[in-house]
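Enquirer: Please read through the structure below; I'll follow up with questions.
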Amino acid sequence: MTSSPTSKGIIGFTTTIPVELIFAAGYEPCDLNNIFVTDPDPGRFIERAERDGFPKSMCNWIKGIYGVIMERDMAGVITVMEGDCSNTQALAEILRYRGVRTIPFSFPYDRDREVLAREIEKLGNELSIDEASLADVELRIAGAREKLWEIDTMTWSERNVTGAENHRWLVGSSDMLGDMEGYGKAAGEFILNARKRESFQGIPLGYIGVPPIVTDLYDFIESVGGQVVYNETQRQFALPYETKDIVERYLLYTYPYGIFARLKDIGDEIARRGIQGIIHYVQAFCFRAIEDVILRETISVPILTIEGDLPRALDTRTKMRIEAFVEMLEGMRR
Ligand code: SF4
């Protein structure tokens, strides 16, 4: 990956951050997770991290991100120290030790508006943005996000977008592949084509948790009669909130503020989308697996928890569990 000739270079990041600031500063944003998992050979990034001493018993997303940074030329990496991953501090330290320019950013756990406003301002100063460029980006990115919200709505209302397509469009919204206009335009073309399809009939399911590292989850769910019509975290990456205030937008964004901030969104979308069952994905060695306890006790529809580890196809046992879950939901429907 090389940066476009018109940009000042690539700024990577470890999870969704106010990407408007990177565009406004004239850099090309790059969500490191997406580079890792869409690579034809993602395993090599994990191997690189393990060769450099990362433990086997550690989340493979972190190792993949590290491997990507070691391989690519970047002007800097924004590391989200609070509101994402308990491993990021150690990741940031090793990156700094290896000579990578790291830029810390934090989402305040208590969702304090003033603290978040300060963090956004600090990041803007670090990237040397000016107000006029930010205002211009805000206008342009809003058009692209509207298209992504439309794809998301079509997934459950018209039922003509697959769970995998919904996942890909929304998960890519964190950096819009470095080109917000291009991404918005491609999304518009996708919408026109999807509207020519028949509706899908699978049992409507929700997917919650971090995006999957496994490669064939959505296709498998559809092959056994289900259809994911809600991708919780990926939808959040597309900032589905109509507000012109950047601080407000990233306060409404639920993902960084813990499980209680997420529960309302999940409950509302289950009701709105007619979701009949939830698949909760947890990543091996991720602290977020503990949240499963609360989710199981609070979510109003049946829930299946599955775990992924490496960027490869689902294992047979997980496939059998998903199939049995969809069959059970079908039985409840009759
Ligand atoms: S899956 Fe969990 S442990 Fe892994 S990077 Fe994401 S938050 Fe961190």
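Chain lettering (A, B, ...) mirrors the order of the structure tokens, residue numbering begins at 1 for each chain separately, and ligand numbering begins at 1 in order of display.
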Could you give me the residues within 6 Å of ligand 1, counting only C-alpha atoms and all ligand atoms, as a VMD selection string?
Expert: chain A and resid 59 61 to 62 84 to 85 87 283 286 to 288
Enquirer: Excluding Ile213 in chain A and any residue of its chain fewer than 4 positions from it, enumerate the residues within 10 Å of it, using only C-alpha atoms, and give them as a PyMOL selection string.
Expert: chain A and resi 33+36-38+60-61+217+281-283+307-314
Enquirer: Give me the residues within 9 Å of Ala187 in chain A as a count of residues only, counting only C-alpha atoms and dropping any in the same chain fewer than 4 places off.
Expert: 9
Enquirer: If we count only C-alpha atoms and set the cut-off at 9 Å, which residues sit around Thr298 in chain A, ignoring sequence neighbours fewer than 3 positions away in its own chain? Please answer as number ranges by chain.
Expert: A: 263, 267, 293-295
Enquirer: For those residues, write N, CA and C atoms to a file as an mmCIF file, in the first residue's frame.
Expert:
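Final output, saved to part.cif:
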```
data_model
loop_
_atom_site.group_PDB
_atom_site.id
_atom_site.type_symbol
_atom_site.label_atom_id
_atom_site.label_comp_id
_atom_site.auth_asym_id
_atom_site.auth_seq_id
_atom_site.Cartn_x
_atom_site.Cartn_y
_atom_site.Cartn_z
ATOM 1 N N LEU A 263 -25.804 -1.671 25.262
ATOM 2 C CA LEU A 263 -27.027 -2.457 25.468
ATOM 3 C C LEU A 263 -28.278 -1.796 24.888
ATOM 4 N N GLY A 267 -30.647 -3.415 22.049
ATOM 5 C CA GLY A 267 -32.075 -3.661 22.334
ATOM 6 C C GLY A 267 -32.973 -2.952 21.326
ATOM 7 N N VAL A 293 -21.440 -12.429 29.786
ATOM 8 C CA VAL A 293 -22.267 -12.729 30.961
ATOM 9 C C VAL A 293 -23.443 -11.749 31.004
ATOM 10 N N ILE A 294 -23.147 -10.468 30.845
ATOM 11 C CA ILE A 294 -24.199 -9.438 30.928
ATOM 12 C C ILE A 294 -25.134 -9.544 29.722
ATOM 13 N N LEU A 295 -24.546 -9.764 28.544
ATOM 14 C CA LEU A 295 -25.371 -9.854 27.333
ATOM 15 C C LEU A 295 -26.367 -11.002 27.434
#
```
Enquirer: For Gly26 in chain A, please output as a list in words all residues within 9 Å (counting only C-alpha atoms; exclusion window: fewer than 2 positions along the same chain).
Expert: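 The contact residues come out as Thr6, Ser7, Lys8, Gly9, Leu21, Ile22, Phe23, Ala24, Glu28, Leu127, Ile129 and Ser133 of chain A.
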Enquirer: Would you list, as an MDAnalysis selection string, the residues of range 26-251 of chain A that end up in helix (DSSP H, G or I) under DSSP run on this structure's backbone?
Expert: chainID A and resid 32:38 43:51 60:71 88:97 113:126 131:157 163:174 176:178 180:194 217:223 232:237 246:251
Enquirer: Determine, using only C-alpha atoms, which residues of range 154-224 of chain A have any atom at most 12 Å from an atom of range 134-139 of chain A, and tabulate each with its shortest atom pair and distance in Å to one decimal place, rows ordered by chain and then rising number, as a Markdown table.
Expert:
```
| residue | atom | partner | partner_atom | distance |
| --- | --- | --- | --- | --- |
| A:Asp179 | CA | A:Val137 | CA | 11.3 |
| A:Met180 | CA | A:Val137 | CA | 9.1 |
| A:Glu181 | CA | A:Val137 | CA | 10.2 |
```
Enquirer: What lies within 10 Å of range 319-322 of chain A using only C-alpha atoms, ignoring chain neighbours under 5 positions off, as a list in words?
Expert: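 Here the answer would be Leu217, Phe220, Ile221, Val224, Gly226, Ile279, Leu304, Thr305, Ile306, Ala313, Leu314, Glu327 and Met328 of chain A.
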Enquirer: Using only C-alpha atoms, which residue out of A:Thr79, A:Asn231, A:Ser106, A:Ser128 lies closest to His167 in chain A?
Expert: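 Selected residue with least distance to His167 in chain A: A:Asn231.
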Enquirer: I'd like to know which of A:Ser223, A:Thr233, A:Thr243, A:Thr215 is closest to His280 in chain A, using only C-alpha atoms.
Expert: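 The answer is A:Thr233, which sits nearest to His280 in chain A.
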Enquirer: Pick out each residue of range 21-238 of chain A that DSSP on the backbone tags as strand (DSSP E or B); I need them as number ranges by chain.
Expert: A: 28-31, 76-82, 102-106, 203-209, 226-231
Enquirer: Provide the CA of Thr14 in chain A to CA of Val80 in chain A distance in Å, to one decimal place.
Expert: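 Interatomic distance here is 6.4 Å.
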Enquirer: Which residues are close to Ile103 in chain A, i.e. within 10 Å by only C-alpha atoms, leaving aside same-chain residues fewer than 6 positions away? Reply as an MDAnalysis selection string.
Expert: chainID A and resid 11:13 76:81 92 96 122:123 126:127
Enquirer: Looking at only C-alpha atoms, which of A:Gly53, A:Gly274, A:Gly99, A:Pro42 is the one that sits closest to Val214 in chain A?
Expert: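 The shortest atom-to-atom distance to Val214 in chain A comes from A:Pro42.
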